[in-house]
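Enquirer: To be precise about what I am sending: the file is called input_20.txt and holds compact mmCIF, C-alpha atoms and all ligand atoms.
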```txt
# COMPACT_ATOMS: atom_id res chain seq x y z
CA MET I 9 52.43 185.66 56.47
CA ARG I 10 53.19 186.31 60.14
CA THR I 11 50.73 185.06 62.76
CA THR I 12 49.93 188.60 63.82
CA ASP I 13 49.20 189.74 60.23
CA PHE I 14 46.39 187.23 60.13
CA ALA I 15 45.23 187.28 63.76
CA GLU I 16 45.05 191.05 64.26
CA PRO I 17 42.22 191.81 61.83
CA VAL I 18 40.40 188.68 63.06
CA LEU I 19 40.62 189.84 66.67
CA GLY I 20 39.65 193.39 65.72
CA TRP I 21 36.58 192.09 63.92
CA TYR I 22 35.70 189.89 66.91
CA ARG I 23 35.62 192.86 69.26
CA LEU I 24 33.03 194.57 67.11
CA HIS I 25 31.01 191.71 65.60
CA GLY I 26 31.86 188.38 67.25
CA ARG I 27 29.24 186.39 69.11
CA LYS I 28 29.69 186.80 72.83
CA ARG I 29 26.36 185.98 74.44
CA LEU I 30 25.47 182.51 73.21
CA PRO I 31 24.16 180.34 76.08
CA TRP I 32 27.38 178.29 76.27
CA GLN I 33 29.52 181.44 76.34
CA LEU I 34 28.07 182.46 79.70
CA ASP I 35 29.29 180.74 82.83
CA LYS I 36 31.79 178.64 80.86
CA THR I 37 32.81 175.26 82.24
CA PRO I 38 34.42 172.39 80.33
CA TYR I 39 31.16 170.44 80.65
CA ARG I 40 28.95 173.21 79.27
CA VAL I 41 31.36 174.01 76.44
CA TRP I 42 31.72 170.30 75.64
CA VAL I 43 27.95 169.82 75.31
CA SER I 44 27.73 172.83 72.99
CA GLU I 45 30.67 171.73 70.83
CA ILE I 46 29.20 168.25 70.35
CA MET I 47 25.76 169.64 69.51
CA LEU I 48 27.27 172.16 67.08
CA GLN I 49 28.93 169.42 65.01
CA GLN I 50 26.85 169.21 61.81
CA THR I 51 24.23 171.54 63.30
CA GLN I 52 23.71 175.30 63.14
CA VAL I 53 23.74 177.58 66.18
CA ALA I 54 20.07 178.61 65.89
CA THR I 55 18.96 174.96 65.87
CA VAL I 56 21.23 174.02 68.75
CA ILE I 57 20.19 176.75 71.24
CA PRO I 58 16.82 175.27 72.39
CA TYR I 59 18.26 171.75 72.50
CA TYR I 60 21.20 172.99 74.53
CA GLN I 61 18.98 174.79 77.00
CA ARG I 62 16.70 171.78 77.52
CA PHE I 63 19.68 169.44 77.85
CA LEU I 64 21.44 171.64 80.41
CA LYS I 65 18.26 172.08 82.41
CA ARG I 66 17.90 168.32 82.76
CA PHE I 67 21.64 167.51 82.96
CA PRO I 68 23.22 170.58 84.58
CA ASN I 69 26.52 168.83 85.25
CA LEU I 70 28.64 165.90 84.26
CA SER I 71 27.47 163.56 87.01
CA SER I 72 23.79 164.06 86.15
CA LEU I 73 24.57 163.06 82.54
CA ALA I 74 26.71 160.10 83.58
CA ASP I 75 24.01 158.77 85.93
CA ALA I 76 21.02 159.26 83.57
CA SER I 77 19.33 156.48 81.63
CA SER I 78 20.41 156.31 78.01
CA ASP I 79 16.72 156.52 77.06
CA GLU I 80 16.41 159.92 78.65
CA VAL I 81 19.59 161.23 77.01
CA LEU I 82 18.44 160.05 73.58
CA GLN I 83 14.99 161.47 74.12
CA LEU I 84 16.47 164.94 74.74
CA TRP I 85 18.67 164.52 71.66
CA GLN I 86 15.72 163.51 69.51
CA GLY I 87 15.60 165.65 66.37
CA LEU I 88 19.28 166.67 66.43
CA GLY I 89 20.28 163.52 64.52
CA TYR I 90 23.67 161.79 64.52
CA TYR I 91 22.71 160.00 67.74
CA ALA I 92 26.15 158.45 68.15
CA ARG I 93 27.15 161.90 69.41
CA ALA I 94 24.80 161.58 72.39
CA ARG I 95 25.77 157.98 73.13
CA ASN I 96 29.48 158.86 73.01
CA MET I 97 28.95 161.88 75.21
CA GLN I 98 27.23 159.87 77.91
CA HIS I 99 29.88 157.17 77.67
CA ALA I 100 32.62 159.81 78.05
CA ALA I 101 30.80 161.30 81.07
CA GLN I 102 30.77 157.85 82.69
CA ILE I 103 34.50 157.42 82.03
CA ILE I 104 35.21 160.80 83.64
CA ARG I 105 32.98 159.89 86.61
CA ASP I 106 34.64 156.49 87.09
CA GLU I 107 38.26 157.17 86.14
CA CYS I 108 38.87 160.90 86.72
CA GLN I 109 36.95 161.49 89.98
CA GLY I 110 34.31 163.31 87.97
CA ILE I 111 36.70 166.10 86.95
CA PHE I 112 36.93 166.95 83.27
CA PRO I 113 40.57 166.44 82.17
CA ARG I 114 42.63 169.53 81.32
CA GLU I 115 45.27 167.88 79.07
CA LEU I 116 44.66 167.80 75.32
CA GLU I 117 45.66 164.14 74.88
CA ARG I 118 43.41 162.98 77.71
CA VAL I 119 40.47 164.96 76.35
CA MET I 120 41.07 163.54 72.86
CA ALA I 121 41.10 160.02 74.30
CA LEU I 122 37.44 160.37 75.36
CA PRO I 123 34.81 158.88 73.03
CA GLY I 124 33.49 161.29 70.40
CA ILE I 125 36.07 164.06 70.99
CA GLY I 126 38.50 164.81 68.17
CA ARG I 127 41.41 167.21 68.11
CA SER I 128 39.38 170.27 67.14
CA THR I 129 36.66 169.70 69.76
CA ALA I 130 39.28 169.06 72.45
CA GLY I 131 41.07 172.27 71.44
CA ALA I 132 37.84 174.23 71.54
CA ILE I 133 36.86 172.96 75.01
CA LEU I 134 40.28 173.73 76.52
CA THR I 135 40.53 177.09 74.78
CA PHE I 136 37.07 178.35 75.65
CA ALA I 137 36.64 176.87 79.12
CA CYS I 138 40.22 176.71 80.43
CA LYS I 139 41.88 179.62 78.59
CA GLN I 140 44.51 177.32 77.06
CA SER I 141 45.91 177.96 73.59
CA TRP I 142 45.08 175.34 70.97
CA PRO I 143 44.18 175.62 67.29
CA ILE I 144 40.77 174.42 66.17
CA LEU I 145 39.56 173.23 62.79
CA ASP I 146 35.81 172.82 62.73
CA GLY I 147 33.78 173.03 59.51
CA ASN I 148 33.65 176.83 59.53
CA VAL I 149 37.34 177.32 60.19
CA LYS I 150 38.23 174.78 57.51
CA ARG I 151 36.22 176.71 54.93
CA VAL I 152 37.82 180.07 55.83
CA LEU I 153 41.36 178.66 55.66
CA ALA I 154 40.71 176.62 52.51
CA ARG I 155 39.59 179.81 50.77
CA CYS I 156 42.15 182.19 52.21
CA PHE I 157 45.00 179.92 51.09
CA GLU I 158 43.32 178.12 48.16
CA VAL I 159 44.05 174.76 49.74
CA SER I 160 43.51 172.03 47.17
CA GLY I 161 41.82 168.68 47.76
CA TRP I 162 38.83 167.80 49.93
CA TYR I 163 38.59 167.15 53.64
CA GLY I 164 38.66 163.36 53.36
CA GLN I 165 42.20 163.55 51.97
CA VAL I 166 45.06 163.23 54.43
CA ASN I 167 47.22 165.75 52.66
CA THR I 168 44.51 168.39 52.61
CA MET I 169 43.85 167.99 56.31
CA LYS I 170 47.59 168.14 57.02
CA GLN I 171 47.83 171.45 55.20
CA LEU I 172 44.80 172.86 57.00
CA TRP I 173 46.08 171.81 60.43
CA ALA I 174 49.50 173.26 59.63
CA LEU I 175 47.85 176.57 58.73
CA ALA I 176 45.67 176.51 61.85
CA GLU I 177 48.73 175.84 64.02
CA ARG I 178 50.79 178.56 62.38
CA LEU I 179 48.10 181.26 62.43
CA THR I 180 46.52 180.74 65.85
CA PRO I 181 47.94 183.31 68.28
CA GLN I 182 49.15 182.38 71.76
CA GLN I 183 47.36 185.41 73.23
CA HIS I 184 43.56 185.78 73.15
CA THR I 185 43.26 182.35 71.57
CA ASP I 186 39.68 181.94 72.77
CA GLN I 187 38.63 185.17 71.04
CA TYR I 188 40.53 184.27 67.88
CA ASN I 189 38.99 180.78 67.71
CA GLN I 190 35.52 182.14 68.31
CA ALA I 191 36.08 184.81 65.65
CA MET I 192 37.22 182.26 63.06
CA MET I 193 34.12 180.16 63.74
CA ASP I 194 31.94 183.26 63.49
CA ILE I 195 33.56 184.49 60.26
CA GLY I 196 32.87 181.06 58.77
CA ALA I 197 29.28 180.99 60.01
CA MET I 198 28.37 184.63 59.36
CA LEU I 199 30.49 185.81 56.39
CA CYS I 200 32.36 183.02 54.65
CA LEU I 201 29.17 181.18 53.78
CA LYS I 202 29.18 178.09 51.59
CA THR I 203 27.50 180.05 48.82
CA ASN I 204 27.65 183.81 48.32
CA PRO I 205 30.25 184.68 50.96
CA ASN I 206 30.08 188.27 52.13
CA CYS I 207 33.70 189.12 51.29
CA GLU I 208 33.12 192.88 51.37
CA ALA I 209 32.48 192.68 55.11
CA CYS I 210 35.25 190.16 55.84
CA PRO I 211 38.30 191.27 57.85
CA LEU I 212 40.43 188.80 55.85
CA SER I 213 39.52 190.03 52.39
CA ASP I 214 42.88 191.69 51.72
CA ARG I 215 44.68 188.48 52.75
CA CYS I 216 42.37 186.04 50.99
CA GLU I 217 43.56 184.30 47.83
CA SER I 218 40.05 183.22 46.87
CA TYR I 219 38.79 186.76 47.10
CA ARG I 220 41.73 188.02 45.08
CA HIS I 221 41.22 185.41 42.34
CA ASN I 222 37.44 185.21 42.59
CA THR I 223 37.66 181.47 43.30
CA GLN I 224 35.36 181.30 46.33
CA ALA I 225 33.09 178.80 44.55
CA ARG I 226 36.03 176.49 43.85
CA TYR I 227 37.24 176.27 47.47
CA PRO I 228 36.91 174.23 49.57
CA GLU I 229 36.97 171.55 46.89
CA LYS I 230 34.08 169.16 47.06
CA LYS I 231 34.25 165.46 47.68
CA PRO I 232 33.69 163.66 44.36
CA LYS I 233 30.07 162.55 44.26
CA LYS I 234 29.26 158.85 44.51
CA ALA I 235 25.73 157.60 43.93
CA ARG I 236 24.13 156.97 47.31
CA PRO I 237 22.80 153.41 47.52
CA ASN I 238 19.09 152.98 48.15
CA LYS I 239 17.81 150.54 50.78
CA GLN I 240 14.28 149.41 51.61
CA THR I 241 12.63 148.44 54.85
CA LEU I 242 9.15 147.42 55.92
CA MET I 243 8.13 148.70 59.36
CA LEU I 244 5.42 146.92 61.32
CA LEU I 245 2.85 148.89 63.27
CA HIS I 246 1.09 146.40 65.58
CA ARG I 247 -1.83 148.08 67.22
CA TYR I 248 -4.19 146.99 69.98
CA ARG I 249 -6.80 149.67 70.74
CA ASN I 250 -4.74 152.76 71.67
CA ARG I 251 -1.50 150.86 72.19
CA ILE I 252 1.24 150.31 69.68
CA LEU I 253 4.26 148.06 69.74
CA LEU I 254 7.65 149.77 69.93
CA TRP I 255 11.00 148.07 69.55
CA ARG I 256 14.27 149.40 70.88
CA ARG I 257 17.03 149.31 68.29
CA PRO I 258 20.43 147.80 69.13
CA PRO I 259 22.82 150.24 70.85
CA THR I 260 25.07 150.69 67.81
CA GLY I 261 24.29 151.32 64.16
CA ILE I 262 21.72 153.70 62.75
CA TRP I 263 19.34 155.19 65.31
CA GLY I 264 21.24 153.12 67.89
CA GLY I 265 19.40 152.78 71.21
CA LEU I 266 16.33 154.69 70.00
CA TRP I 267 12.80 153.28 70.05
CA SER I 268 11.34 152.48 66.66
CA LEU I 269 8.99 150.03 64.95
CA PRO I 270 9.99 146.43 64.28
CA GLU I 271 11.28 145.90 60.76
CA VAL I 272 11.31 143.04 58.27
CA GLY I 273 12.66 142.74 54.75
CA ASN I 274 9.29 142.25 53.06
CA ALA I 275 5.67 141.22 53.63
CA ALA I 276 6.45 137.51 53.35
CA ASP I 277 8.54 137.79 56.56
CA ILE I 278 5.78 139.26 58.74
CA THR I 279 4.26 135.97 59.90
CA ASP I 280 7.62 134.50 60.87
CA TRP I 281 8.50 137.64 62.77
CA GLN I 282 5.20 137.55 64.69
CA ARG I 283 5.62 133.86 65.57
CA GLN I 284 9.10 134.46 66.83
CA HIS I 285 8.48 137.64 68.82
CA LEU I 286 4.79 137.71 69.75
CA SER I 287 3.71 134.06 69.69
CA LEU I 288 0.74 134.94 67.48
CA THR I 289 0.10 135.67 63.83
CA ARG I 290 -2.18 138.33 62.37
CA SER I 291 -2.36 139.54 58.82
CA HIS I 292 -1.78 143.17 57.92
CA ASN I 293 -4.51 145.52 56.69
CA SER I 294 -2.51 146.94 53.83
CA ILE I 295 0.97 148.15 53.09
CA ASP I 296 1.82 151.79 52.46
CA LYS I 297 4.63 151.46 49.96
CA ASN I 298 7.53 153.89 50.22
CA LEU I 299 5.71 156.06 52.69
CA LEU I 300 8.82 158.07 53.44
CA LYS I 301 12.36 158.38 52.11
CA HIS I 302 15.04 159.23 54.65
CA GLN I 303 18.56 160.31 53.69
CA PHE I 304 21.42 159.01 55.78
CA THR I 305 25.00 160.08 55.12
CA HIS I 306 25.86 156.90 53.23
CA PHE I 307 22.54 155.68 51.87
CA SER I 308 18.89 156.55 51.47
CA LEU I 309 16.16 154.47 53.05
CA ASP I 310 12.68 153.89 51.59
CA ILE I 311 10.34 153.11 54.45
CA SER I 312 7.11 151.17 53.84
CA LEU I 313 4.58 150.51 56.58
CA ALA I 314 2.29 147.58 57.38
CA VAL I 315 -0.48 148.26 59.92
CA ILE I 316 -1.60 145.18 61.86
CA GLU I 317 -4.64 145.35 64.12
CA LEU I 318 -4.60 142.96 67.08
CA ASP I 319 -7.71 141.69 68.87
CA ARG I 320 -5.76 141.06 72.06
CA LEU I 321 -2.39 141.86 73.55
CA PRO I 322 0.03 138.99 73.06
CA GLY I 323 0.53 136.87 76.19
CA LYS I 324 4.25 137.46 75.92
CA VAL I 325 6.68 139.34 73.77
CA SER I 326 10.06 137.79 73.12
CA ASP I 327 12.14 140.55 74.65
CA ASN I 328 10.33 142.49 77.35
CA GLU I 329 13.11 145.01 77.84
CA ASN I 330 13.30 146.06 74.25
CA MET I 331 9.73 145.59 73.09
CA VAL I 332 6.78 147.36 74.68
CA PHE I 333 3.16 148.15 73.88
CA VAL I 334 2.84 151.85 74.68
CA LYS I 335 -0.16 154.13 74.73
CA ALA I 336 -0.20 156.37 71.68
CA ASP I 337 -0.50 159.48 73.88
CA GLY I 338 2.60 158.43 75.80
CA LEU I 339 4.90 158.38 72.79
CA SER I 340 6.58 161.64 73.77
CA GLU I 341 8.30 159.81 76.62
CA TYR I 342 10.23 157.67 74.18
CA GLY I 343 13.22 158.73 72.09
CA LEU I 344 12.16 158.00 68.51
CA PRO I 345 13.99 158.84 65.27
CA THR I 346 12.31 161.83 63.63
CA PRO I 347 11.09 159.94 60.50
CA VAL I 348 9.49 157.23 62.66
CA ARG I 349 7.81 159.80 64.87
CA ARG I 350 6.49 161.53 61.75
CA ILE I 351 5.09 158.28 60.39
CA LEU I 352 3.39 157.47 63.69
CA GLU I 353 1.92 160.93 64.07
CA ASN I 354 0.46 160.75 60.57
CA VAL I 355 -0.98 157.27 60.94
CA LEU I 356 -2.39 157.86 64.40
CA LYS I 357 -3.93 161.15 63.29
CA LEU I 358 -5.48 159.66 60.14
CA THR I 359 -7.45 156.90 61.85
S1 LIG M 1 37.30 187.18 51.89
FE1 LIG M 1 35.51 186.02 51.35
S2 LIG M 1 36.24 184.00 50.79
FE2 LIG M 1 37.88 185.03 51.86
S3 LIG M 1 37.66 184.35 53.98
FE3 LIG M 1 36.55 186.27 53.79
S4 LIG M 1 34.44 185.72 53.29
FE4 LIG M 1 35.75 183.92 52.95
```
Now that the file is in, can you turn its structure into structure tokens?
Expert:
Amino acid sequence: MRTTDFAEPVLGWYRLHGRKRLPWQLDKTPYRVWVSEIMLQQTQVATVIPYYQRFLKRFPNLSSLADASSDEVLQLWQGLGYYARARNMQHAAQIIRDECQGIFPRELERVMALPGIGRSTAGAILTFACKQSWPILDGNVKRVLARCFEVSGWYGQVNTMKQLWALAERLTPQQHTDQYNQAMMDIGAMLCLKTNPNCEACPLSDRCESYRHNTQARYPEKKPKKARPNKQTLMLLHRYRNRILLWRRPPTGIWGGLWSLPEVGNAADITDWQRQHLSLTRSHNSIDKNLLKHQFTHFSLDISLAVIELDRLPGKVSDNENMVFVKADGLSEYGLPTPVRRILENVLKLT
């Protein structure tokens, strides 16, 4: 199939139905497009819009993001999940500030060398903000191409991704690339849905192998399912009057850099933990077993909670920077993982 045979109906559809007034499509700059592309990874447009608007209001340009405290960045990201995205973005902003005179690079390789930016995101930024011509392959585009050409295998397989990139490269037109890329993303998000795609309304239906063979449910092929391991943790809620003890998690790993509750393996470890970090020991009231189950990509976590009432604030905590007693009504100033915030809101409301 020639490039134009595929691109023409896509571009024609875009003119009539494509999305043209999303917040990041107005006043396009590499920075604004970059923020949107990172937020849109794993997250739907409708969810992203209010986050994007809040983020841009507080960090209107690259230097404001580079200079911000990581706490503030994570707090504005709170609820979007996949926090490594926010940490990488701030790290990349600092690299651009320090090594590129604050100017977002315009070369694909240099953009791809920044933390958290892969080939598709780099292509999208340069296409949308700089009018360059690069193919993209985000989740929506992958699904459209996998169905149109009945590409076998799943996305974790090198050969499958090679085929998809080869198709994206071959089909992406040199002219109007920004409109074509936007249209492919929109067709994936609006018509070529994971279940029940709206093929009747799709501009690619007479070029689509899946539509022809009625194999939409078979493509893209799914990753073979592996049982997700289950892990347990016991969170400690130390409370003195209206203050609770928060602990900042290490910068990498799950919920990296966010504020949370201290954790131990089980109840027998509580006393040791208190001795080590608070120089006091107090027994817990009770333990709420498996209060909440949270699903991560690679495992699920059963969270239990021990509430410990203190009759005084400890004279010292072991790590003042990463452990603070905060007023319960000041929690909104801290970036907390959503499940931890939910637990705290429930407990603080109940008592
Ligand atoms: S015809 Fe159907 S399956 Fe094929 S790309 Fe369009 S919406 Fe997807």
Enquirer: Kindly provide, as a list in words, all nucleotide and amino acid residues lying within 6 Å of ligand LIG 1 (chain M), counting only C-alpha atoms and all ligand atoms.
Expert: Val152, Arg155, Cys156, Leu199, Cys200, Pro205, Asn206, Cys207, Cys210, Leu212, Ser213, Cys216, Ser218, Tyr219 and Gln224 of chain I
Enquirer: Please determine, counting all atoms listed in the file, which residue among I:Thr241, I:Asn330, I:Thr260, I:Gln182 has the shortest atom-to-atom distance to Tyr91 (chain I).
Expert: I:Thr260
Enquirer: Could you tell me how far CA of Arg151 (chain I) sits from CA of Val166 (chain I), in Å to one decimal place?
Expert: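 These atoms are spaced 16.1 Å apart.
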Enquirer: Got a sec: who's within 12 Å of Tyr188 (chain I), counting all atoms listed in the file, leaving out chain neighbours fewer than 4 positions off, as a PyMOL selection string?
Expert: chain I and resi 11-12+14-23+26-27+132+135-136+139+141-144+149+176+179-184+192-195
Enquirer: Might you pull out every residue within 10 Å of Ser71 (chain I), with all atoms listed in the file counted and same-chain residues fewer than 2 positions away left off, and present them as a compact mmCIF listing (two decimals) with C-alpha atoms, in the frame of the given file?
Expert:
```
# COMPACT_ATOMS: atom_id res chain seq x y z
CA PHE I 67 21.64 167.51 82.96
CA PRO I 68 23.22 170.58 84.58
CA ASN I 69 26.52 168.83 85.25
CA LEU I 73 24.57 163.06 82.54
CA ALA I 74 26.71 160.10 83.58
CA ASP I 75 24.01 158.77 85.93
CA ALA I 76 21.02 159.26 83.57
CA GLN I 98 27.23 159.87 77.91
CA ALA I 101 30.80 161.30 81.07
CA GLN I 102 30.77 157.85 82.69
CA ILE I 104 35.21 160.80 83.64
CA ARG I 105 32.98 159.89 86.61
CA GLY I 110 34.31 163.31 87.97
CA ILE I 111 36.70 166.10 86.95
```
Enquirer: If we count all atoms listed in the file and set the cut-off at 9 Å, which residues sit around Pro31 (chain I), ignoring sequence neighbours fewer than 5 positions away in its own chain? Please answer as a ChimeraX atom specification.
Expert: /I:44,57,60-61
Enquirer: Skipping near chain neighbours, those fewer than 2 positions away, what residues fall within 7 Å of region 307-309 of chain I using only C-alpha atoms, listed as a list in words?
Expert: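 These residues fall inside the cut-off: Arg236, Pro237, Asn238, Lys239, Gln240, Lys301, His302, Gln303, Phe304, Thr305 and Ile311 of chain I.
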Enquirer: Go ahead and write the residues just picked, C-alpha atoms, as a short mmCIF file (atom, residue, chain, number, x, y, z; two decimals), keeping the file's coordinate frame.
Expert:
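Listing of result-v4.cif after writing:
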```cif
data_model
loop_
_atom_site.label_atom_id
_atom_site.label_comp_id
_atom_site.auth_asym_id
_atom_site.auth_seq_id
_atom_site.Cartn_x
_atom_site.Cartn_y
_atom_site.Cartn_z
CA ARG I 236 24.13 156.97 47.31
CA PRO I 237 22.80 153.41 47.52
CA ASN I 238 19.09 152.98 48.15
CA LYS I 239 17.81 150.54 50.78
CA GLN I 240 14.28 149.41 51.61
CA LYS I 301 12.36 158.38 52.11
CA HIS I 302 15.04 159.23 54.65
CA GLN I 303 18.56 160.31 53.69
CA PHE I 304 21.42 159.01 55.78
CA THR I 305 25.00 160.08 55.12
CA ILE I 311 10.34 153.11 54.45
#
```
Enquirer: Record the distance separating CA of Glu217 (chain I) and CA of Lys233 (chain I), expressed in Å with one decimal.
Expert: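 According to the coordinates, CA of Glu217 (chain I) and CA of Lys233 (chain I) are separated by 25.8 Å.
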Enquirer: Contacts of Leu245 (chain I) at 10 Å or less, counting all atoms listed in the file, minus same-chain residues fewer than 4 places along, as a list in words?
Expert: Ile252, Leu253, Leu254, Ser268, Leu269, Pro270, Glu271, His292, Leu313, Ala314, Val315, Ile316, Glu317, Leu352 and Val355 of chain I
Enquirer: Hey, could you pull the box centre and edge lengths for region 164-174 of chain I, axis-aligned, 5 Å padding per side, all listed atoms, to one decimal in Å, as JSON?
Expert:
```
{"center_x": 44.1, "center_y": 168.2, "center_z": 56.2, "size_x": 20.8, "size_y": 20.0, "size_z": 18.5}
```
Enquirer: Name the closest residue to Leu286 (chain I) among the candidates I:Ile103, I:Ala197, I:Leu175, I:Leu318; distances are taken between atoms, counting all atoms listed in the file.
Expert: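 Closest residue, counting all atoms listed in the file: I:Leu318.
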Enquirer: Which distance in Å separates CA of Thr55 (chain I) and CA of Gly126 (chain I), to one decimal?
Expert: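 If I compute the distance from CA of Thr55 (chain I) to CA of Gly126 (chain I), I get 22.1 Å.
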Enquirer: Using all atoms listed in the file, which of the listed residues (I:Met331, I:Pro228, I:Ser160, I:Pro123) sits closest to Pro258 (chain I)?
Expert: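 Between I:Met331, I:Pro228, I:Ser160, I:Pro123, the residue approaching Pro258 (chain I) most closely is I:Met331.
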